[in-house]
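Asks: Below is entry31.tsv; it holds TSV, C-alpha atoms.
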```tsv
chain	number	residue	atom	x	y	z
Z	1	MET	CA	88.35	91.76	46.42
Z	2	ALA	CA	88.88	94.68	48.75
Z	3	ARG	CA	91.16	95.19	51.73
Z	4	ILE	CA	89.27	95.91	54.96
Z	5	LEU	CA	90.82	97.13	58.21
Z	6	VAL	CA	89.07	95.67	61.28
Z	7	VAL	CA	89.83	97.46	64.55
Z	8	ASP	CA	88.54	96.04	67.83
Z	9	ASP	CA	90.21	95.27	71.15
Z	10	SER	CA	88.19	92.04	71.38
Z	11	ALA	CA	89.96	89.20	69.59
Z	12	PHE	CA	86.62	87.43	69.23
Z	13	LEU	CA	84.99	90.37	67.45
Z	14	ARG	CA	87.97	90.74	65.12
Z	15	HIS	CA	87.82	87.03	64.41
Z	16	ARG	CA	84.06	87.16	63.79
Z	17	CYS	CA	84.30	90.15	61.45
Z	18	ALA	CA	87.26	88.60	59.65
Z	19	ALA	CA	85.36	85.35	59.11
Z	20	ILE	CA	82.42	87.20	57.54
Z	21	LEU	CA	84.70	89.37	55.39
Z	22	HIS	CA	86.74	86.38	54.23
Z	23	GLU	CA	83.48	84.68	53.21
Z	24	MET	CA	82.74	87.78	51.15
Z	25	GLY	CA	86.12	87.36	49.51
Z	26	HIS	CA	87.87	90.32	51.10
Z	27	GLU	CA	91.34	90.63	52.54
Z	28	VAL	CA	91.40	91.58	56.22
Z	29	VAL	CA	93.92	93.60	58.20
Z	30	GLU	CA	93.41	93.58	61.98
Z	31	ALA	CA	94.33	96.06	64.71
Z	32	ALA	CA	93.54	95.95	68.44
Z	33	GLY	CA	93.80	99.65	69.39
Z	34	GLY	CA	93.48	103.21	68.09
Z	35	LYS	CA	97.23	103.76	67.64
Z	36	GLN	CA	97.65	100.41	65.83
Z	37	ALA	CA	94.64	101.33	63.66
Z	38	LEU	CA	96.33	104.55	62.49
Z	39	ASP	CA	99.60	102.73	61.80
Z	40	ALA	CA	97.78	99.93	59.95
Z	41	TYR	CA	95.76	102.41	57.90
Z	42	ARG	CA	98.93	104.24	56.79
Z	43	THR	CA	100.76	101.00	56.07
Z	44	HIS	CA	98.03	99.01	54.30
Z	45	ALA	CA	95.84	101.77	52.79
Z	46	PRO	CA	92.64	99.73	53.14
Z	47	ASP	CA	89.58	100.27	50.95
Z	48	ALA	CA	87.36	100.49	54.04
Z	49	ALA	CA	87.64	100.24	57.79
Z	50	LEU	CA	85.45	98.93	60.61
Z	51	LEU	CA	86.30	100.78	63.82
Z	52	ASP	CA	85.20	99.98	67.35
Z	53	ALA	CA	84.34	103.19	69.23
Z	54	ALA	CA	85.68	102.05	72.60
Z	55	LEU	CA	89.36	101.38	72.11
Z	56	PRO	CA	92.28	101.54	74.50
Z	57	GLY	CA	94.42	104.65	74.00
Z	58	ILE	CA	92.99	106.62	71.10
Z	59	ASP	CA	89.24	105.95	70.99
Z	60	GLY	CA	87.45	105.04	67.77
Z	61	ILE	CA	85.98	108.48	67.06
Z	62	ASP	CA	89.36	110.18	67.53
Z	63	ALA	CA	90.99	107.53	65.34
Z	64	LEU	CA	88.33	108.13	62.68
Z	65	GLU	CA	89.03	111.88	62.73
Z	66	GLN	CA	92.77	111.30	62.39
Z	67	ILE	CA	92.25	108.84	59.54
Z	68	ARG	CA	89.98	111.32	57.75
Z	69	ALA	CA	92.57	114.05	58.31
Z	70	PHE	CA	95.14	112.30	56.13
Z	71	ASP	CA	92.63	110.46	53.91
Z	72	PRO	CA	89.49	112.59	53.46
Z	73	ALA	CA	88.05	109.87	51.24
Z	74	ALA	CA	88.37	107.18	53.93
Z	75	ARG	CA	85.31	104.95	54.10
Z	76	VAL	CA	84.76	103.99	57.70
Z	77	ALA	CA	81.97	102.37	59.73
Z	78	ILE	CA	81.82	102.40	63.50
Z	79	VAL	CA	81.06	98.99	65.05
Z	80	THR	CA	80.34	99.33	68.74
Z	81	SER	CA	78.14	98.48	71.70
Z	82	VAL	CA	78.15	102.16	72.73
Z	83	SER	CA	75.00	103.41	71.03
Z	84	GLN	CA	74.42	106.60	72.98
Z	85	GLN	CA	72.98	109.38	70.87
Z	86	GLU	CA	75.92	111.68	71.61
Z	87	VAL	CA	78.39	109.10	70.27
Z	88	VAL	CA	76.30	108.40	67.16
Z	89	ILE	CA	76.04	112.11	66.33
Z	90	GLU	CA	79.74	112.62	66.91
Z	91	ALA	CA	80.58	109.63	64.71
Z	92	ILE	CA	78.41	111.01	61.90
Z	93	HIS	CA	80.04	114.43	62.21
Z	94	ALA	CA	83.47	112.77	62.23
Z	95	GLY	CA	82.64	111.17	58.90
Z	96	ALA	CA	81.45	107.66	59.73
Z	97	LEU	CA	79.38	106.30	56.84
Z	98	ASP	CA	77.72	103.61	58.92
Z	99	PHE	CA	77.22	102.75	62.59
Z	100	ILE	CA	76.67	99.12	63.60
Z	101	VAL	CA	75.50	98.24	67.10
Z	102	LYS	CA	76.93	95.10	68.68
Z	103	PRO	CA	75.86	92.38	68.89
Z	104	PHE	CA	75.06	92.39	65.18
Z	105	GLU	CA	73.81	89.86	62.68
Z	106	PRO	CA	76.27	88.91	59.93
Z	107	ASP	CA	73.91	90.38	57.32
Z	108	ARG	CA	74.13	93.80	58.95
Z	109	LEU	CA	77.91	93.72	58.66
Z	110	ARG	CA	77.74	92.48	55.07
Z	111	SER	CA	75.38	95.29	54.09
Z	112	ALA	CA	77.62	97.86	55.80
Z	113	VAL	CA	80.70	96.65	53.96
Z	114	THR	CA	78.83	96.59	50.66
Z	115	LYS	CA	77.72	100.18	51.33
Z	116	LEU	CA	81.27	101.27	52.23
Z	117	LEU	CA	82.69	99.78	49.05
Z	118	ALA	CA	79.94	101.06	46.74
Y	1	MET	CA	65.45	105.00	74.85
Y	2	SER	CA	65.31	106.90	78.09
Y	3	ASP	CA	69.01	106.54	78.95
Y	4	GLY	CA	70.12	108.07	75.65
Y	5	THR	CA	71.01	104.84	73.89
Y	6	LEU	CA	69.61	104.27	70.42
Y	7	SER	CA	68.46	101.13	68.65
Y	8	GLN	CA	70.00	100.06	65.35
Y	9	SER	CA	66.87	101.17	63.51
Y	10	ASP	CA	67.02	104.63	65.15
Y	11	ILE	CA	70.67	104.91	64.11
Y	12	ASP	CA	69.94	103.74	60.57
Y	13	ALA	CA	67.28	106.44	60.32
Y	14	MET	CA	69.82	109.06	61.52
Y	15	LEU	CA	72.37	107.82	58.97
Y	16	ARG	CA	69.82	108.13	56.16
Y	17	LYS	CA	68.96	111.64	57.33
Y	18	ALA	CA	72.65	112.60	57.44
Y	19	ALA	CA	73.25	111.11	53.99
Y	20	ALA	CA	70.32	113.08	52.57
Y	21	SER	CA	70.76	116.41	54.33
Y	22	GLY	CA	74.23	116.49	55.84
Y	23	ALA	CA	75.59	115.72	59.31
Y	24	ASP	CA	74.05	118.83	60.87
Y	25	ALA	CA	70.61	117.39	60.16
Y	26	VAL	CA	71.04	114.85	62.98
Y	27	GLY	CA	71.99	117.49	65.51
Y	28	PRO	CA	74.84	119.80	66.42
Y	29	ARG	CA	78.21	118.23	66.98
Y	30	PRO	CA	78.75	117.55	70.70
Y	31	ARG	CA	81.38	119.83	72.26
Y	32	ARG	CA	84.77	118.13	72.22
Y	33	ASP	CA	85.81	119.48	75.62
Y	34	GLY	CA	82.60	118.24	77.18
Y	35	ARG	CA	82.71	114.71	75.78
Y	36	ALA	CA	83.72	111.86	78.03
Y	37	SER	CA	86.12	109.40	76.43
Y	38	ILE	CA	84.36	106.51	74.74
Y	39	PRO	CA	85.76	103.92	77.19
Y	40	ALA	CA	84.35	106.03	80.03
Y	41	LEU	CA	81.00	106.10	78.30
Y	42	VAL	CA	81.05	102.32	78.09
Y	43	VAL	CA	80.93	102.17	81.87
Y	44	GLN	CA	77.80	104.28	82.05
Y	45	SER	CA	76.17	102.91	78.92
Y	46	ALA	CA	73.18	100.74	78.25
Y	47	THR	CA	71.08	99.93	81.27
Y	48	ILE	CA	71.83	102.40	84.01
Y	49	PRO	CA	68.60	102.52	85.99
Y	50	PRO	CA	67.13	105.91	86.79
Y	51	THR	CA	68.55	107.61	89.86
Y	52	ARG	CA	66.64	106.60	92.94
Y	53	GLU	CA	66.09	108.87	95.85
Y	54	ALA	CA	67.93	107.68	98.92
Y	55	GLU	CA	65.63	105.52	100.99
Y	56	PRO	CA	64.34	107.16	104.15
Y	57	PRO	CA	65.77	105.83	107.40
Y	58	PRO	CA	63.78	103.06	109.13
Y	59	PRO	CA	60.97	104.08	111.50
Y	60	ILE	CA	62.15	105.77	114.68
Y	61	ALA	CA	61.58	103.87	117.91
Y	62	PRO	CA	59.10	105.58	120.23
Y	63	SER	CA	60.57	107.85	122.88
Y	64	PRO	CA	60.76	106.24	126.32
Y	65	ARG	CA	59.54	109.44	127.94
Y	66	GLU	CA	56.30	110.69	126.56
Y	67	GLY	CA	55.91	114.42	126.49
Y	68	ASP	CA	59.58	115.32	126.48
Y	69	ARG	CA	59.76	116.74	123.00
Y	70	GLU	CA	63.32	117.95	123.20
Y	71	GLU	CA	64.70	114.59	124.23
Y	72	ASP	CA	62.46	112.89	121.70
Y	73	HIS	CA	64.00	115.13	119.05
Y	74	GLY	CA	67.48	114.23	120.30
Y	75	MET	CA	66.76	110.54	120.10
Y	76	ARG	CA	65.38	110.91	116.60
Y	77	ALA	CA	68.44	112.85	115.44
Y	78	ALA	CA	70.84	110.33	116.98
Y	79	ILE	CA	68.99	107.39	115.44
Y	80	GLY	CA	68.68	109.21	112.13
Y	81	ALA	CA	72.43	109.88	112.00
Y	82	ARG	CA	73.18	106.27	112.89
Y	83	ASN	CA	70.77	104.96	110.27
Y	84	VAL	CA	72.22	107.18	107.55
Y	85	SER	CA	75.71	106.07	108.49
Y	86	GLU	CA	74.74	102.39	108.47
Y	87	ASP	CA	72.90	102.81	105.19
Y	88	ALA	CA	75.99	104.41	103.61
Y	89	ASN	CA	78.20	101.58	104.91
Y	90	ASN	CA	75.80	98.96	103.57
Y	91	ALA	CA	75.66	100.68	100.19
Y	92	ARG	CA	79.48	100.83	100.11
Y	93	ALA	CA	79.73	97.12	100.88
Y	94	THR	CA	77.20	96.32	98.16
Y	95	ASP	CA	79.07	98.58	95.75
Y	96	ALA	CA	82.33	96.70	96.42
Y	97	ALA	CA	80.58	93.35	95.98
Y	98	GLN	CA	79.00	94.45	92.72
Y	99	SER	CA	82.33	95.77	91.43
Y	100	ALA	CA	83.94	92.42	92.20
Y	101	LEU	CA	81.10	90.71	90.36
Y	102	VAL	CA	81.59	92.97	87.34
Y	103	ARG	CA	85.28	92.04	87.28
Y	104	GLU	CA	84.40	88.37	87.59
Y	105	VAL	CA	81.88	88.54	84.74
Y	106	SER	CA	84.44	90.39	82.60
Y	107	ALA	CA	86.97	87.64	83.27
Y	108	ARG	CA	84.39	85.02	82.31
Y	109	ILE	CA	83.66	86.86	79.05
Y	110	ASP	CA	87.39	86.89	78.28
Y	111	LEU	CA	87.57	83.17	79.02
Y	112	ILE	CA	84.58	82.41	76.80
Y	113	GLU	CA	86.04	84.57	74.03
Y	114	ARG	CA	89.26	82.58	74.17
Y	115	SER	CA	87.29	79.32	74.18
Y	116	LEU	CA	85.27	80.60	71.27
Y	117	LEU	CA	88.40	81.20	69.28
Y	118	ALA	CA	89.50	77.65	70.04
Y	119	VAL	CA	86.18	76.06	69.00
Y	120	SER	CA	85.36	78.39	66.13
Y	121	GLY	CA	85.60	75.46	63.73
Y	122	ASP	CA	82.62	73.86	65.46
Y	123	GLY	CA	79.55	75.84	64.42
Y	124	ALA	CA	77.16	74.61	67.14
Y	125	ALA	CA	79.68	75.10	69.94
Y	126	ALA	CA	80.54	78.53	68.60
Y	127	ARG	CA	76.86	79.54	68.58
Y	128	ARG	CA	76.36	78.32	72.14
Y	129	ALA	CA	79.44	80.19	73.33
Y	130	GLU	CA	78.31	83.29	71.47
Y	131	GLU	CA	74.92	83.14	73.21
Y	132	GLN	CA	76.73	82.88	76.53
Y	133	VAL	CA	78.82	85.92	75.67
Y	134	ARG	CA	75.68	87.90	74.80
Y	135	ALA	CA	73.99	86.89	78.05
Y	136	LEU	CA	77.06	87.84	80.06
Y	137	GLN	CA	77.40	91.14	78.23
Y	138	GLN	CA	73.79	91.93	79.15
Y	139	GLN	CA	74.52	90.92	82.74
Y	140	ILE	CA	77.60	93.12	82.95
Y	141	ARG	CA	75.68	96.08	81.53
Y	142	SER	CA	73.03	95.65	84.22
Y	143	LEU	CA	75.63	95.28	86.96
Y	144	THR	CA	77.57	98.28	85.74
Y	145	GLY	CA	74.41	100.34	85.87
Y	146	HIS	CA	73.62	99.06	89.33
Y	147	VAL	CA	77.11	99.94	90.61
Y	148	ALA	CA	76.75	103.47	89.25
Y	149	SER	CA	73.39	103.77	91.02
Y	150	LEU	CA	74.89	102.54	94.29
Y	151	ARG	CA	77.74	105.04	94.03
Y	152	ARG	CA	75.27	107.88	93.61
Y	153	ARG	CA	73.38	106.59	96.64
Y	154	VAL	CA	76.55	106.43	98.76
Y	155	ASP	CA	77.41	110.00	97.76
Y	156	ASP	CA	73.93	111.16	98.69
Y	157	LEU	CA	74.03	109.38	102.04
Y	158	ASP	CA	77.50	110.78	102.77
Y	159	ARG	CA	76.19	114.28	102.10
Y	160	ARG	CA	73.23	113.72	104.39
Y	161	LEU	CA	75.45	112.32	107.16
Y	162	ALA	CA	77.89	115.22	106.89
Y	163	GLN	CA	74.97	117.64	107.03
Y	164	ILE	CA	73.61	116.03	110.20
Y	165	GLN	CA	77.03	115.90	111.85
Y	166	ARG	CA	78.11	119.48	111.26
Y	167	ARG	CA	74.86	121.41	111.60
Y	168	PRO	CA	76.00	124.29	113.88
Y	169	HIS	CA	72.65	124.94	115.52
Y	170	ARG	CA	71.81	125.34	119.15
Y	171	ARG	CA	69.04	122.80	118.88
Y	172	ASN	CA	71.54	120.33	117.49
Y	173	ARG	CA	73.80	120.74	120.54
Y	174	ARG	CA	70.78	120.02	122.76
Y	175	THR	CA	70.04	117.09	120.53
Y	176	LEU	CA	73.44	115.52	121.13
Y	177	TRP	CA	73.16	116.17	124.88
Y	178	SER	CA	69.71	114.57	124.95
Y	179	ALA	CA	70.91	111.61	122.96
Y	180	SER	CA	73.72	110.99	125.45
Y	181	LEU	CA	71.12	110.47	128.24
Y	182	TYR	CA	69.66	107.61	126.26
Y	183	VAL	CA	73.11	106.18	125.66
Y	184	ASP	CA	73.70	106.16	129.45
Y	185	ALA	CA	70.33	104.58	130.06
Y	186	ALA	CA	70.83	102.01	127.34
Y	187	ALA	CA	74.20	101.07	128.85
Y	188	GLY	CA	72.42	100.03	132.07
Y	189	GLY	CA	73.19	103.11	134.09
Y	190	ALA	CA	70.63	104.86	136.21
Y	191	TRP	CA	68.78	107.76	134.65
Y	192	ARG	CA	71.02	110.72	135.43
Y	193	PRO	CA	69.83	114.12	134.48
Y	194	ARG	CA	72.78	116.23	133.42
Y	195	LEU	CA	73.43	119.91	133.40
Y	196	ARG	CA	72.89	121.35	130.00
Y	197	PRO	CA	76.07	122.39	128.21
```
Take the structure I supplied and represent it as structure tokens, if you would.
Replies:
Amino acid sequence: MARILVVDDSAFLRHRCAAILHEMGHEVVEAAGGKQALDAYRTHAPDAALLDAALPGIDGIDALEQIRAFDPAARVAIVTSVSQQEVVIEAIHAGALDFIVKPFEPDRLRSAVTKLLA
Amino acid sequence: MSDGTLSQSDIDAMLRKAAASGADAVGPRPRRDGRASIPALVVQSATIPPTREAEPPPPIAPSPREGDREEDHGMRAAIGARNVSEDANNARATDAAQSALVREVSARIDLIERSLLAVSGDGAAARRAEEQVRALQQQIRSLTGHVASLRRRVDDLDRRLAQIQRRPHRRNRRTLWSASLYVDAAAGGAWRPRLRP
């Protein structure tokens, strides 16, 4: 069992991701914004994180960079409806290991988490 | 895709390329100071239609006095300015209506999300609600794109109107003088030739 941080300002998306991750047997920590994501990451030291790109306050890419600054081994996937090429390239440069476009099928999320934890 | 958005399969291909050859293989990192914030990008994402040229003003009514080219030009300029102004006002009104609709759709998505949380134990209801959310998300993307297009159109029309109104040209002064004759005539007054300014 791994601990996964799920960061999204939509309660529904957090709930949906959490349901899939619980089915996979993982523990889930939730955060609704970029600042909360950084606090939660420091507090809970998750094995992997799913970050929305469009977050209130600190956006997902900035949050990813800050997470990687204090944990260079952080394993993070971006989960977002913003699939513009510029954002994808920036996420990859920032260290995202996967990029999932919403709306997604549960299998896509499962495969991303499996990849992050491999 | 033409608006810069990528499909999941495109992104997966980029991720494989980055994993094999490094992040630089997918392209240079975008400049930080030039990047809009992600929430700002959300507004312009997905289905913004291509910029349309502002529509030309409606056909000009024929001049009441055949052969008087200067007055005909004045009438055309006056009507053109009025049409541009009306077009800009109409576009602004539509923009406001579309913005209100976007807010309304957002509120409905929030409501459905809350309902979804409440019924998440019921698989069929949850799927139906999820389909509704997807449909509304698609609708809001289209509306957001349409609002952006309307704003560009209003800006363009404003520029054209300002250009017409402040063109400091002798012919333009004659134009306004000529147009005023038609205004007098249209108001029911007798045709009164005026001294030129």
Asks: Which residues of chain Z come within 6 Å of chain Y, and what is each one's closest atom pair and distance in Å (one decimal), counting all atoms listed in the file, sorted by chain and residue number, as CSV?
Replies:
```
residue,atom,partner,partner_atom,distance
Z:Phe12,CA,Y:Glu113,CA,5.6
Z:Ala54,CA,Y:Pro39,CA,5.0
Z:Ser83,CA,Y:Thr5,CA,5.1
Z:Gln84,CA,Y:Thr5,CA,3.9
Z:Gln85,CA,Y:Gly4,CA,5.7
Z:Glu90,CA,Y:Arg29,CA,5.8
Z:His93,CA,Y:Ala23,CA,5.5
```
Asks: Name the residues in contact with region 36-40 of chain Z at a cut-off of 8 Å, using all atoms listed in the file, excluding same-chain residues fewer than 4 positions from it; report them as a list of chain:residue names.
Replies: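 My reading of the contact set: Z:Leu5, Z:Val7, Z:Val29, Z:Glu30, Z:Ala31, Z:Ala32, Z:His44, Z:Ala45, Z:Ala63, Z:Gln66, Z:Ile67.
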Asks: Could you give me, as number ranges by chain, the residues within 9 Å of region 96-105 of chain Y, counting all atoms listed in the file and dropping anything in the same chain fewer than 4 positions from it?
Replies: Y: 91-92, 109-110, 136-137, 139-141, 143-144, 146-147
Asks: Using C-alpha atoms, can you export the residues from the last selection as a tab-separated table (two decimals), in the frame of the given file?
Replies:
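So selection.tsv came out as:
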```
chain	number	residue	atom	x	y	z
Y	91	ALA	CA	75.66	100.68	100.19
Y	92	ARG	CA	79.48	100.83	100.11
Y	109	ILE	CA	83.66	86.86	79.05
Y	110	ASP	CA	87.39	86.89	78.28
Y	136	LEU	CA	77.06	87.84	80.06
Y	137	GLN	CA	77.40	91.14	78.23
Y	139	GLN	CA	74.52	90.92	82.74
Y	140	ILE	CA	77.60	93.12	82.95
Y	141	ARG	CA	75.68	96.08	81.53
Y	143	LEU	CA	75.63	95.28	86.96
Y	144	THR	CA	77.57	98.28	85.74
Y	146	HIS	CA	73.62	99.06	89.33
Y	147	VAL	CA	77.11	99.94	90.61
```
Asks: Residues around (82.2, 111.8, 54.5), cut-off 10 Å, counting all atoms listed in the file - what are they as a list in words?
Replies: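 Counting all atoms listed in the file, I find these residues within 10 Å of (82.2, 111.8, 54.5): Arg68, Pro72, Ala73, Ala74, Arg75, Val76, Ile92, His93, Ala94, Gly95, Ala96 and Leu97 of chain Z; Ala19, Gly22 and Ala23 of chain Y.
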Asks: Enter the distance from CA of Phe99 (chain Z) to CA of Leu51 (chain Z), in Å, rounded to one decimal.
Replies: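 Calculated distance between CA of Phe99 (chain Z) and CA of Leu51 (chain Z) is 9.4 Å.
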Asks: State, in Å with one decimal place, the distance from CA of His22 (chain Z) to CA of Met1 (chain Z).
Replies: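 These two atoms are separated by 9.6 Å.
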Asks: Just to confirm, what's the straight-line distance from CA of Arg110 (chain Z) to CA of Leu111 (chain Y) in Å (one decimal)?
Replies: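 It comes out at 27.5 Å.
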Asks: Can you work out which one of Y:Asn90, Y:Ser106, Y:Ala162, Y:Gly80 has the shortest atom-to-atom distance to Ser10 (chain Z), counting all atoms listed in the file?
Replies: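 Closest residue, counting all atoms listed in the file: Y:Ser106.
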Asks: Could you pull the residues within 12 Å of Glu23 (chain Z), counting all atoms listed in the file, minus those fewer than 5 positions along the same chain, as an MDAnalysis selection string?
Replies: chainID Z and resid 1 16:18 28 106:107 109:110
Asks: With N, CA and C atoms as the target, complete region 75-92 of chain Z and hand it back as an mmCIF file, keeping the file's coordinate frame.
Replies:
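Written file, out-v9.cif:
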```cif
data_model
loop_
_atom_site.group_PDB
_atom_site.id
_atom_site.type_symbol
_atom_site.label_atom_id
_atom_site.label_comp_id
_atom_site.auth_asym_id
_atom_site.auth_seq_id
_atom_site.Cartn_x
_atom_site.Cartn_y
_atom_site.Cartn_z
ATOM 1 N N ARG Z 75 86.675 105.472 53.960
ATOM 2 C CA ARG Z 75 85.310 104.950 54.100
ATOM 3 C C ARG Z 75 85.294 104.064 55.341
ATOM 4 N N VAL Z 76 84.662 104.615 56.378
ATOM 5 C CA VAL Z 76 84.760 103.990 57.700
ATOM 6 C C VAL Z 76 83.375 103.792 58.301
ATOM 7 N N ALA Z 77 83.184 102.621 58.932
ATOM 8 C CA ALA Z 77 81.970 102.370 59.730
ATOM 9 C C ALA Z 77 82.390 102.144 61.169
ATOM 10 N N ILE Z 78 81.584 102.653 62.073
ATOM 11 C CA ILE Z 78 81.820 102.400 63.500
ATOM 12 C C ILE Z 78 81.034 101.146 63.887
ATOM 13 N N VAL Z 79 81.708 100.229 64.581
ATOM 14 C CA VAL Z 79 81.060 98.990 65.050
ATOM 15 C C VAL Z 79 81.243 98.959 66.561
ATOM 16 N N THR Z 80 80.161 99.149 67.296
ATOM 17 C CA THR Z 80 80.340 99.330 68.740
ATOM 18 C C THR Z 80 79.093 98.946 69.533
ATOM 19 N N SER Z 81 79.289 98.696 70.817
ATOM 20 C CA SER Z 81 78.140 98.480 71.700
ATOM 21 C C SER Z 81 77.715 99.779 72.367
ATOM 22 N N VAL Z 82 78.499 100.853 72.146
ATOM 23 C CA VAL Z 82 78.150 102.160 72.730
ATOM 24 C C VAL Z 82 77.242 102.884 71.742
ATOM 25 N N SER Z 83 75.932 102.836 72.006
ATOM 26 C CA SER Z 83 75.000 103.410 71.030
ATOM 27 C C SER Z 83 74.298 104.632 71.603
ATOM 28 N N GLN Z 84 75.028 105.385 72.439
ATOM 29 C CA GLN Z 84 74.420 106.600 72.980
ATOM 30 C C GLN Z 84 74.336 107.648 71.871
ATOM 31 N N GLN Z 85 73.262 108.422 71.936
ATOM 32 C CA GLN Z 85 72.980 109.380 70.870
ATOM 33 C C GLN Z 85 74.161 110.315 70.618
ATOM 34 N N GLU Z 86 74.787 110.750 71.719
ATOM 35 C CA GLU Z 86 75.920 111.680 71.610
ATOM 36 C C GLU Z 86 77.047 111.060 70.769
ATOM 37 N N VAL Z 87 77.299 109.774 70.990
ATOM 38 C CA VAL Z 87 78.390 109.100 70.270
ATOM 39 C C VAL Z 87 78.013 108.925 68.793
ATOM 40 N N VAL Z 88 76.741 108.583 68.551
ATOM 41 C CA VAL Z 88 76.300 108.400 67.160
ATOM 42 C C VAL Z 88 76.437 109.716 66.396
ATOM 43 N N ILE Z 89 75.970 110.798 67.006
ATOM 44 C CA ILE Z 89 76.040 112.110 66.330
ATOM 45 C C ILE Z 89 77.496 112.495 66.083
ATOM 46 N N GLU Z 90 78.334 112.259 67.081
ATOM 47 C CA GLU Z 90 79.740 112.620 66.910
ATOM 48 C C GLU Z 90 80.393 111.779 65.808
ATOM 49 N N ALA Z 91 80.019 110.502 65.758
ATOM 50 C CA ALA Z 91 80.580 109.630 64.710
ATOM 51 C C ALA Z 91 80.163 110.125 63.324
ATOM 52 N N ILE Z 92 78.895 110.519 63.204
ATOM 53 C CA ILE Z 92 78.410 111.010 61.900
ATOM 54 C C ILE Z 92 79.156 112.291 61.521
#
```
